[in-house]
2 protein chains.
Amino acid sequence: MAYSLGLDYGTNSVRCLIVNTADGTEVATAIYEYETGEQGIILDRSDHNLARQNPADYLKGIEVTVKQSLEQAQQNDPEFAADRVIGIGVDTTGSTPLPVDDRGRPLCFHQEFRDNPNAHAWLWKDHTGYAEAAEITELAQKIHPEYLAKCGGTYSSEWFFSKVLHCLRSDPAVFAAAHTWVEHSDWLPAVLTGTEAPAKLRRDRCAAGHKAMFNDAWGGYPEADFLGRLDPALGRLRATLGDQTWSIDTTAGRLTGEWAGKLGLTAGIPVAMGAFDAHLGAVGAGIRQGRLVKIIGTSTCDMVVAPGDNDLPDIPGICGIVAGSILPGFFGLEAGQSAVGDIFNWFVNTLQPGGPQAGSHEALTNGAARLAPGQSGLLGLDWNNGNRTILVDQRLTGLLLGQTLHTRPEEIYRALIEATAFGALTIINRFEEYGVKIDEVINCGGIAEKNPLLMQIYADVLGRRMKLSRSGQTCALGAAIAGAVAAGRAAGGHDSVGEAQDAMCGTKETSYQPVGEHQKVYQSLYALYMDLHDAFGRANQTAHLGQVMKKLLEIKSQANR
Amino acid sequence: MAYSLGLDYGTNSVRCLIVNTADGTEVATAIYEYETGEQGIILDRSDHNLARQNPADYLKGIEVTVKQSLEQAQQNDPEFAADRVIGIGVDTTGSTPLPVDDRGRPLCFHQEFRDNPNAHAWLWKDHTGYAEAAEITELAQKIHPEYLAKCGGTYSSEWFFSKVLHCLRSDPAVFAAAHTWVEHSDWLPAVLTGTEAPAKLRRDRCAAGHKAMFNDAWGGYPEADFLGRLDPALGRLRATLGDQTWSIDTTAGRLTGEWAGKLGLTAGIPVAMGAFDAHLGAVGAGIRQGRLVKIIGTSTCDMVVAPGDNDLPDIPGICGIVAGSILPGFFGLEAGQSAVGDIFNWFVNTLQPGGPQAGSHEALTNGAARLAPGQSGLLGLDWNNGNRTILVDQRLTGLLLGQTLHTRPEEIYRALIEATAFGALTIINRFEEYGVKIDEVINCGGIAEKNPLLMQIYADVLGRRMKLSRSGQTCALGAAIAGAVAAGRAAGGHDSVGEAQDAMCGTKETSYQPVGEHQKVYQSLYALYMDLHDAFGRANQTAHLGQVMKKLLEIKSQANR
């Protein structure tokens with residue numbers, strides 16, 4: 001028996017998962033909630049764009065969760081022993097870069113920067129660099145449009161260089177004291193393997209490709225001249241980033257004696273290269289060609305792979321197209337919706353409709369389940385938090401159409417679910433328009449598991465069978481798969497990610513089939529959704545909306561027959 | 001001292017008001033709730049379009065309310081005596097026609113029709129004749145477009161001929177038994193004056209002009225040939241309608257001895273010609289040239305007069321343009337919004353937002369009052385119950401735009417108020433485009449009196465001072481004014497409606513002035529409202545909506561500075 005250990009760093013906590021490498025059985029899991037700030041996030045009341053984290057929480061989280069998991073595994077599985085853990089994998093949020101000194105230590109570990117949020121990790125959802133993001137986009141449009149073509153056409157404030165440049169502009173002392181900036185997903189494996197010193201550090205393909213414009217086609221990271229035009233100091237930083245990146249089937253190094261001792265693991269076991277949570281989540285859900293993995297939470301990530309030997313065209317509006325970012329040898333494609341669960345949460349928690357009894361997610365879902373497609377006459381746009389794919393426009397807002405004096409909360413709730421399904425279909429259609437075929441969808445995340453109505457609506461709208469990932473913690477499982485591959489078959493692991501997935505991944509028995517009748521109604525509604533989508537989502541667009549309300553009523557009256 | 005008595009027949013009850021003719025002091029009022037059916041309305045569970053009333057309730061209501069009012073007046077005003085009541089006026093809902101026999105008695109007073117809803121009064125909101133309304137519209141478009149030009153371009157299911165034709169088609173026995181059909185507003189004064197026999201009956205200009213296509217330009221009611229094409233029997237009914245109609249400054253006759261005895265009034269005092277509630281409400285609010293009277297309730301009526309000697313053009317989308325229907329010598333123009341208070345009631349009672357404490361009209365108004373114009377980034381269309389003016393399309397639905405994950409109930413509540421204000425402005429603009437100038441607005445109705453926020457928003461959006469009618473019961477006051485004019489100055493009344501209004505009407509001290517800063521923001525928002533209005537409200541319309549969301553955000557960010 002051999003086991004692999006996955007560390008999954010989320011927004012508020014880190015999870016450790018121990019998995020049997022032969023069949024994917026999950027033998028133990030433990031969670032540590034970060035201690036610093038509010039729910040693990042350092043905030044600033046005067047700037048709601050700011051979101052930072054303390055890397056000390058990341059380190060403490062390893063000790064707490066690994067020790068707990070090892071104890072639990074021993075209780076759960078008589079075969080288990082700590083020395084049967086043959087490899088470690090890591091996933092993190094991203095882009096979450098932190099400034100480090102010339103030994104790879106976070107600046108905030110220095111006394112002088114201890115209380116400075118800028119010397120901490122800049123969490124993915126930190127948007128302080130929004131002006132810098134616009135500046136980067138504008139410059140790239142002018143002189144290097146190819147940089148943008150692989151990341152949806154717009155460089156985001158959530159991404160690496162927006163954050164680094166904003167630090168340079170707003171806190172030059174921190175920028176000057178930093179030797180370089182390292183993604184959380186690179187720093188963590190490096191710490192475990194003693195390779196955090198910049199000269200030894202390996203940077204992962206996933207973070208670099210999706211968030212820092214890394215591409216072999218132009219020699220890796222953006223050229224120093226480009227960065228130098230944004231600021232000479234940023235140009236000089238380019239040299240510290242290196243020219244090479246590594247995918248998850250390679251290792252960051254081997255577990256140091258010090259960490260092995262602290263954790264009760266065997267020194268020298270391999271630690272895989274890290275990657276972002278959604279990417280390793282896709283691996284854990286069994287991603288492969290033709291199979292979209294949908295991670296549905298407050299927002300969604302839609303992960304797809306395409307053969308790496310083809311010359312994949314740029315796909316407008318897709319956040320990232322990066323060779324080897326999910327599966328080695330395949331392009332990794334990342335899309336997503338800026339809000340899904342968050343829209344339902346907004347309706348229930350902020351709008352609080354339906355009075356005290358009738359306004360819970362459960363009650364509204366039950367009410368919505370009694371409605372037929374099209375019956376309410378409502379149609380919405382799922383843009384309450386902007387549109388990530390395919391419009392790449394965070395400023396877009398929500399829309400609801402078709403209200404009468406009789407419109408009920410559960411009707412709106414269903415229309416919001418349907419709107420997110422239409423948004424999901426728009427992403428799939430975009431992939432297929434550019435030759436990336438999607439045959440089936442594997443869904444992960446709490447909403448997918450807990451809301452059969454939503455899954456049925458998705459099956460009906462997407463016109464595809466909806467499957468559910470067997471594991472409820474696919475990100476940690478994906479990390480453990482990377483650990484198993486790092487160890488290799490000879491050590492009891494696997495020699496490739498595909499082989500590991502075949503052995504360790506699966507789907508639940510329950511799945512959702514499209515219902516022909518529903519599909520027909522949703523095809524009509526989707527045509528109207530696209531009218532609204534194009535009219536409101538595209539600048540200077542001309543659309544015929546004069547018939548939208550009436551057509552919606554025709555669908556309503558058909559559905560009410 | 002002289003007094004006039006107004007009878008105001010609403011949807012669920014009748015009100016009697018006794019007023020001092022010298023200064024409009026209201027000395028007594030009493031209400032009688034109709035007894036038949038649900039809240040005075042005969043319904044049919046299998047047909048939600050059906051709404052009828054029992055004319056026996058109308059008669060009983062006179063006795064109950066007049067007697068109570070007389071007693072109350074004696075207590076309230078030492079000068080008062082029943083024989084100082086010099087005239088009576090009547091207003092009713094409409095179009096509310098009832099089938100009568102050859103003596104003018106309602107068919108439902110006959111034993112054989114006692115339980116037949118079709119033999120009762122067909123209440124204004126009965127929509128059973130929707131198919132006949134479409135048929136009438138279609139035929140008029142073909143052969144008499146001028147019939148439609150004076151009533152907004154579409155003949156409504158709420159109106160006289162739709163109802164009569166539907167009865168002919170669906171219950172030929174009732175139709176055959178009826179000698180003619182009489183509006184409630186004509187039948188009531190006729191009963192009080194013993195002139196209900198068809199040969200003596202006078203029909204009022206208001207009901208005939210606004211709901212039965214009466215116009216002197218084509219010799220009164222629609223020609224027999226037109227009606228005959230719809231059905232020969234309807235063509236034959238034309239002869240019973242007569243060729244003349246009377247406005248409120250003329251009398252239906254004099255109070256019969258029998259009614260005088262029953263009520264304790266003086267036999268022979270004049271009873272003015274009746275009119276619809278909104279029209280006499282406008283009179284009671286002091287309508288005159290340049291002054292729009294806005295009756296704000298669940299829906300609104302917007303009443304305007306224009307000089308009768310001018311050749312007033314047809315105004316597309318205005319429900320009615322009828323010479324003498326409000327003030328003698330002026331064109332009466334009627335517009336309105338299909339839902340105003342009903343939209344706020346829908347939000348509070350059906351959607352029930354904000355949890356148990358925060359979801360009342362009062363709490364939402366307080367929250368909304370703390371917001372600046374444009375601050376929420378929300379924009380709505382006020383079409384939850386269709387659009388009466390200027391689009392004349394009952395099938396249109398509501399729309400809300402600009403929702404984010406932070407949008408709060410009070411922001412939506414304010415956006416709904418603003419949407420109704422934009423709808424109100426669209427009506428005023430339409431009047432002015434066709435040369436009917438609106439300088440000031442007098443508001444009536446509970447919402448106008450109780451919601452200062454709404455009034456301020458209306459002042460800011462309409463760019464005009466908002467005044468409030470002094471009387472809280474302007475319809476009954478208008479009826480009493482008609483009674484005072486019927487009596488004439490010599491008897492202690494007045495010789496003209498204008499003279500009576502000058503003496504008996506007034507406005508409250510509180511009024512609402514537009515705030516320049518708010519007006520500027522609302523002008524920008526209104527431009528976006530009109531983009532939505534034209535794009536969604538007009539068939540085959542092409543509109544540029546690509547910038548609507550973004551412009552709304554610009555307004556929002558300005559407002560949040």
# chains A, B, ... in the order shown; residues from 1 in each chain; ligands from 1
call {"tool": "residues_around", "arguments": {"residues": "stretch 90-100 of chain B", "least_positions_apart": "6", "cutoff": "7 Å", "atoms": "only C-alpha atoms", "output": "PyMOL selection string"}}
result
chain B and resi 6-11+106-107+119-124+158-160+178-185+189+207+211+274-277+280+479
call {"tool": "residues_around", "arguments": {"residues": "stretch 331-341 of chain A", "least_positions_apart": "3", "cutoff": "7 Å", "atoms": "only C-alpha atoms", "output": "PyMOL selection string"}}
result
chain A and resi 297-308+318-327+344-345+384-389+420
call {"tool": "closest_residue", "arguments": {"among": "A:Val436, A:Ala491, A:Cys16, A:Ala131", "to": "A:Tyr32", "atoms": "only C-alpha atoms"}}
result
A:Cys16
call {"tool": "atom_distance", "arguments": {"atom1": "atom CA of B:Lys450", "atom2": "atom CA of B:Trp346"}}
result
18.0 Å
call {"tool": "closest_residue", "arguments": {"among": "A:Gln289, A:Thr404, A:Thr193, A:Asn49", "to": "chain B", "atoms": "only C-alpha atoms"}}
result
A:Thr404
call {"tool": "select_by_dssp", "arguments": {"residues": "stretch 144-209 of chain A", "states": "alpha helix (DSSP H)", "output": "ChimeraX atom specification"}}
result
/A:145-149,160-170,172-177,184-193,205-209
call {"tool": "residues_around", "arguments": {"residues": "B:Asn76", "least_positions_apart": "4", "cutoff": "8 Å", "atoms": "only C-alpha atoms", "output": "PyMOL selection string"}}
result
chain B and resi 27-28+72
call {"tool": "write_last_selection", "arguments": {"atoms": "N, CA, C and O atoms", "output": "PDB file, in the first residue's frame"}}
result
ATOM      1  N   VAL B  27     -68.066  69.076   5.174  1.00  0.00           N
ATOM      2  CA  VAL B  27     -68.716  69.030   6.486  1.00  0.00           C
ATOM      3  C   VAL B  27     -69.129  67.628   6.900  1.00  0.00           C
ATOM      4  O   VAL B  27     -69.403  67.387   8.073  1.00  0.00           O
ATOM      5  N   ALA B  28     -69.187  66.696   5.964  1.00  0.00           N
ATOM      6  CA  ALA B  28     -69.546  65.330   6.351  1.00  0.00           C
ATOM      7  C   ALA B  28     -69.172  64.361   5.238  1.00  0.00           C
ATOM      8  O   ALA B  28     -69.195  64.708   4.053  1.00  0.00           O
ATOM      9  N   GLN B  72     -74.266  63.572  10.252  1.00  0.00           N
ATOM     10  CA  GLN B  72     -72.923  64.020  10.616  1.00  0.00           C
ATOM     11  C   GLN B  72     -72.777  65.524  10.366  1.00  0.00           C
ATOM     12  O   GLN B  72     -72.201  66.246  11.181  1.00  0.00           O
TER      13      GLN B  72
END
call {"tool": "atom_distance", "arguments": {"atom1": "atom CA of B:Tyr458", "atom2": "atom CA of B:Ala421"}}
result
5.4 Å
call {"tool": "atom_distance", "arguments": {"atom1": "atom CA of A:Lys520", "atom2": "atom CA of A:Ile555"}}
result
10.5 Å
call {"tool": "closest_residue", "arguments": {"among": "B:Val497, B:Met504, B:Met455, B:Leu399", "to": "chain A", "atoms": "only C-alpha atoms"}}
result
B:Leu399
call {"tool": "closest_residue", "arguments": {"among": "A:Asp249, A:Glu411, A:Asp309, A:Asp502", "to": "chain B", "atoms": "only C-alpha atoms"}}
result
A:Glu411
call {"tool": "closest_residue", "arguments": {"among": "B:Arg408, B:His361, B:His533, B:Arg202", "to": "chain A", "atoms": "only C-alpha atoms"}}
result
B:Arg408
call {"tool": "residues_around", "arguments": {"residues": "A:Asp382", "least_positions_apart": "3", "cutoff": "7 Å", "atoms": "only C-alpha atoms", "output": "PyMOL selection string"}}
result
chain A and resi 398+416+419-420+423
call {"tool": "write_last_selection", "arguments": {"atoms": "N, CA and C atoms", "output": "short mmCIF file (atom, residue, chain, number, x, y, z; two decimals), in the first residue's frame"}}
result
data_model
loop_
_atom_site.label_atom_id
_atom_site.label_comp_id
_atom_site.auth_asym_id
_atom_site.auth_seq_id
_atom_site.Cartn_x
_atom_site.Cartn_y
_atom_site.Cartn_z
N GLY A 398 -26.15 42.94 -13.37
CA GLY A 398 -27.26 42.02 -13.56
C GLY A 398 -28.46 42.67 -14.23
N LEU A 416 -32.70 33.04 -11.80
CA LEU A 416 -31.28 33.28 -11.53
C LEU A 416 -30.46 32.02 -11.80
N ALA A 419 -30.24 31.73 -15.49
CA ALA A 419 -29.31 32.71 -16.06
C ALA A 419 -27.87 32.19 -15.96
N THR A 420 -27.54 31.58 -14.82
CA THR A 420 -26.17 31.06 -14.70
C THR A 420 -25.96 29.89 -15.65
N GLY A 423 -25.27 31.35 -18.99
CA GLY A 423 -23.88 31.83 -19.01
C GLY A 423 -22.92 30.67 -19.21
#
call {"tool": "decode", "arguments": {"residues": "stretch 187-219 of chain A", "atoms": "N, CA, C and O atoms", "output": "PDB file, in the first residue's frame"}}
result
ATOM      1  N   TRP A 187       6.030  29.053  -3.814  1.00  0.00           N
ATOM      2  CA  TRP A 187       6.749  29.257  -2.556  1.00  0.00           C
ATOM      3  C   TRP A 187       6.575  28.057  -1.629  1.00  0.00           C
ATOM      4  O   TRP A 187       7.535  27.593  -1.005  1.00  0.00           O
ATOM      5  N   LEU A 188       5.373  27.501  -1.575  1.00  0.00           N
ATOM      6  CA  LEU A 188       5.094  26.443  -0.607  1.00  0.00           C
ATOM      7  C   LEU A 188       5.892  25.164  -0.888  1.00  0.00           C
ATOM      8  O   LEU A 188       6.591  24.651   0.004  1.00  0.00           O
ATOM      9  N   PRO A 189       5.852  24.631  -2.122  1.00  0.00           N
ATOM     10  CA  PRO A 189       6.681  23.454  -2.409  1.00  0.00           C
ATOM     11  C   PRO A 189       8.174  23.748  -2.211  1.00  0.00           C
ATOM     12  O   PRO A 189       8.925  22.878  -1.741  1.00  0.00           O
ATOM     13  N   ALA A 190       8.567  24.998  -2.526  1.00  0.00           N
ATOM     14  CA  ALA A 190       9.980  25.362  -2.366  1.00  0.00           C
ATOM     15  C   ALA A 190      10.387  25.329  -0.896  1.00  0.00           C
ATOM     16  O   ALA A 190      11.466  24.839  -0.538  1.00  0.00           O
ATOM     17  N   VAL A 191       9.527  25.825  -0.023  1.00  0.00           N
ATOM     18  CA  VAL A 191       9.828  25.804   1.412  1.00  0.00           C
ATOM     19  C   VAL A 191       9.973  24.366   1.897  1.00  0.00           C
ATOM     20  O   VAL A 191      10.915  24.020   2.623  1.00  0.00           O
ATOM     21  N   LEU A 192       9.059  23.496   1.469  1.00  0.00           N
ATOM     22  CA  LEU A 192       9.095  22.103   1.936  1.00  0.00           C
ATOM     23  C   LEU A 192      10.354  21.378   1.452  1.00  0.00           C
ATOM     24  O   LEU A 192      10.813  20.419   2.086  1.00  0.00           O
ATOM     25  N   THR A 193      10.882  21.845   0.338  1.00  0.00           N
ATOM     26  CA  THR A 193      12.034  21.146  -0.256  1.00  0.00           C
ATOM     27  C   THR A 193      13.319  21.941  -0.110  1.00  0.00           C
ATOM     28  O   THR A 193      14.350  21.553  -0.671  1.00  0.00           O
ATOM     29  N   GLY A 194      13.264  23.065   0.626  1.00  0.00           N
ATOM     30  CA  GLY A 194      14.474  23.854   0.837  1.00  0.00           C
ATOM     31  C   GLY A 194      15.013  24.511  -0.420  1.00  0.00           C
ATOM     32  O   GLY A 194      16.206  24.767  -0.540  1.00  0.00           O
ATOM     33  N   THR A 195      14.102  24.778  -1.364  1.00  0.00           N
ATOM     34  CA  THR A 195      14.556  25.370  -2.634  1.00  0.00           C
ATOM     35  C   THR A 195      14.017  26.779  -2.817  1.00  0.00           C
ATOM     36  O   THR A 195      13.906  27.265  -3.947  1.00  0.00           O
ATOM     37  N   GLU A 196      13.689  27.447  -1.715  1.00  0.00           N
ATOM     38  CA  GLU A 196      13.076  28.765  -1.876  1.00  0.00           C
ATOM     39  C   GLU A 196      14.065  29.867  -2.237  1.00  0.00           C
ATOM     40  O   GLU A 196      13.644  30.961  -2.638  1.00  0.00           O
ATOM     41  N   ALA A 197      15.329  29.613  -2.091  1.00  0.00           N
ATOM     42  CA  ALA A 197      16.296  30.642  -2.507  1.00  0.00           C
ATOM     43  C   ALA A 197      16.137  30.887  -4.003  1.00  0.00           C
ATOM     44  O   ALA A 197      16.015  29.939  -4.784  1.00  0.00           O
ATOM     45  N   PRO A 198      16.112  32.172  -4.415  1.00  0.00           N
ATOM     46  CA  PRO A 198      15.802  32.485  -5.813  1.00  0.00           C
ATOM     47  C   PRO A 198      16.625  31.691  -6.819  1.00  0.00           C
ATOM     48  O   PRO A 198      16.109  31.338  -7.876  1.00  0.00           O
ATOM     49  N   ALA A 199      17.851  31.395  -6.525  1.00  0.00           N
ATOM     50  CA  ALA A 199      18.685  30.681  -7.494  1.00  0.00           C
ATOM     51  C   ALA A 199      18.170  29.264  -7.734  1.00  0.00           C
ATOM     52  O   ALA A 199      18.356  28.685  -8.802  1.00  0.00           O
ATOM     53  N   LYS A 200      17.548  28.673  -6.714  1.00  0.00           N
ATOM     54  CA  LYS A 200      17.080  27.285  -6.829  1.00  0.00           C
ATOM     55  C   LYS A 200      15.611  27.179  -7.207  1.00  0.00           C
ATOM     56  O   LYS A 200      15.133  26.122  -7.630  1.00  0.00           O
ATOM     57  N   LEU A 201      14.873  28.265  -6.968  1.00  0.00           N
ATOM     58  CA  LEU A 201      13.406  28.222  -7.079  1.00  0.00           C
ATOM     59  C   LEU A 201      12.922  27.813  -8.469  1.00  0.00           C
ATOM     60  O   LEU A 201      13.410  28.315  -9.473  1.00  0.00           O
ATOM     61  N   ARG A 202      11.967  26.883  -8.481  1.00  0.00           N
ATOM     62  CA  ARG A 202      11.283  26.545  -9.736  1.00  0.00           C
ATOM     63  C   ARG A 202       9.891  27.173  -9.720  1.00  0.00           C
ATOM     64  O   ARG A 202       9.168  27.030  -8.738  1.00  0.00           O
ATOM     65  N   ARG A 203       9.551  27.816 -10.826  1.00  0.00           N
ATOM     66  CA  ARG A 203       8.221  28.430 -10.912  1.00  0.00           C
ATOM     67  C   ARG A 203       7.306  27.530 -11.752  1.00  0.00           C
ATOM     68  O   ARG A 203       7.747  26.928 -12.723  1.00  0.00           O
ATOM     69  N   ASP A 204       6.030  27.462 -11.357  1.00  0.00           N
ATOM     70  CA  ASP A 204       5.150  26.503 -12.038  1.00  0.00           C
ATOM     71  C   ASP A 204       4.518  27.108 -13.298  1.00  0.00           C
ATOM     72  O   ASP A 204       4.287  28.309 -13.397  1.00  0.00           O
ATOM     73  N   ARG A 205       4.252  26.248 -14.238  1.00  0.00           N
ATOM     74  CA  ARG A 205       3.724  26.621 -15.532  1.00  0.00           C
ATOM     75  C   ARG A 205       2.321  27.222 -15.426  1.00  0.00           C
ATOM     76  O   ARG A 205       1.947  28.145 -16.137  1.00  0.00           O
ATOM     77  N   CYS A 206       1.547  26.695 -14.491  1.00  0.00           N
ATOM     78  CA  CYS A 206       0.149  27.111 -14.354  1.00  0.00           C
ATOM     79  C   CYS A 206       0.053  28.585 -13.977  1.00  0.00           C
ATOM     80  O   CYS A 206      -0.569  29.384 -14.679  1.00  0.00           O
ATOM     81  N   ALA A 207       0.701  28.968 -12.866  1.00  0.00           N
ATOM     82  CA  ALA A 207       0.640  30.356 -12.418  1.00  0.00           C
ATOM     83  C   ALA A 207       1.283  31.280 -13.444  1.00  0.00           C
ATOM     84  O   ALA A 207       0.737  32.333 -13.791  1.00  0.00           O
ATOM     85  N   ALA A 208       2.438  30.888 -13.934  1.00  0.00           N
ATOM     86  CA  ALA A 208       3.177  31.742 -14.864  1.00  0.00           C
ATOM     87  C   ALA A 208       2.382  31.952 -16.152  1.00  0.00           C
ATOM     88  O   ALA A 208       2.271  33.078 -16.656  1.00  0.00           O
ATOM     89  N   GLY A 209       1.816  30.871 -16.659  1.00  0.00           N
ATOM     90  CA  GLY A 209       1.123  30.960 -17.944  1.00  0.00           C
ATOM     91  C   GLY A 209      -0.206  31.686 -17.848  1.00  0.00           C
ATOM     92  O   GLY A 209      -0.560  32.467 -18.724  1.00  0.00           O
ATOM     93  N   HIS A 210      -0.963  31.425 -16.771  1.00  0.00           N
ATOM     94  CA  HIS A 210      -2.298  32.012 -16.696  1.00  0.00           C
ATOM     95  C   HIS A 210      -2.294  33.434 -16.152  1.00  0.00           C
ATOM     96  O   HIS A 210      -3.197  34.202 -16.461  1.00  0.00           O
ATOM     97  N   LYS A 211      -1.330  33.774 -15.310  1.00  0.00           N
ATOM     98  CA  LYS A 211      -1.408  35.062 -14.628  1.00  0.00           C
ATOM     99  C   LYS A 211      -0.225  35.990 -14.914  1.00  0.00           C
ATOM    100  O   LYS A 211      -0.268  37.156 -14.550  1.00  0.00           O
ATOM    101  N   ALA A 212       0.847  35.476 -15.521  1.00  0.00           N
ATOM    102  CA  ALA A 212       2.029  36.315 -15.711  1.00  0.00           C
ATOM    103  C   ALA A 212       2.497  36.297 -17.174  1.00  0.00           C
ATOM    104  O   ALA A 212       3.654  36.585 -17.456  1.00  0.00           O
ATOM    105  N   MET A 213       1.586  35.965 -18.087  1.00  0.00           N
ATOM    106  CA  MET A 213       1.847  36.056 -19.533  1.00  0.00           C
ATOM    107  C   MET A 213       3.062  35.244 -19.979  1.00  0.00           C
ATOM    108  O   MET A 213       3.727  35.604 -20.952  1.00  0.00           O
ATOM    109  N   PHE A 214       3.380  34.157 -19.259  1.00  0.00           N
ATOM    110  CA  PHE A 214       4.488  33.293 -19.659  1.00  0.00           C
ATOM    111  C   PHE A 214       4.067  32.446 -20.852  1.00  0.00           C
ATOM    112  O   PHE A 214       2.997  31.850 -20.864  1.00  0.00           O
ATOM    113  N   ASN A 215       4.914  32.390 -21.876  1.00  0.00           N
ATOM    114  CA  ASN A 215       4.632  31.538 -23.035  1.00  0.00           C
ATOM    115  C   ASN A 215       5.934  31.257 -23.752  1.00  0.00           C
ATOM    116  O   ASN A 215       6.721  32.176 -24.015  1.00  0.00           O
ATOM    117  N   ASP A 216       6.183  29.992 -24.068  1.00  0.00           N
ATOM    118  CA  ASP A 216       7.431  29.641 -24.757  1.00  0.00           C
ATOM    119  C   ASP A 216       7.548  30.359 -26.090  1.00  0.00           C
ATOM    120  O   ASP A 216       8.651  30.631 -26.567  1.00  0.00           O
ATOM    121  N   ALA A 217       6.381  30.693 -26.690  1.00  0.00           N
ATOM    122  CA  ALA A 217       6.392  31.326 -28.012  1.00  0.00           C
ATOM    123  C   ALA A 217       7.192  32.630 -28.000  1.00  0.00           C
ATOM    124  O   ALA A 217       7.762  33.017 -29.016  1.00  0.00           O
ATOM    125  N   TRP A 218       7.176  33.334 -26.883  1.00  0.00           N
ATOM    126  CA  TRP A 218       7.979  34.575 -26.815  1.00  0.00           C
ATOM    127  C   TRP A 218       9.058  34.498 -25.732  1.00  0.00           C
ATOM    128  O   TRP A 218       9.409  35.486 -25.115  1.00  0.00           O
ATOM    129  N   GLY A 219       9.541  33.283 -25.517  1.00  0.00           N
ATOM    130  CA  GLY A 219      10.692  33.135 -24.623  1.00  0.00           C
ATOM    131  C   GLY A 219      10.358  33.271 -23.157  1.00  0.00           C
ATOM    132  O   GLY A 219      11.165  33.747 -22.368  1.00  0.00           O
TER     133      GLY A 219
END
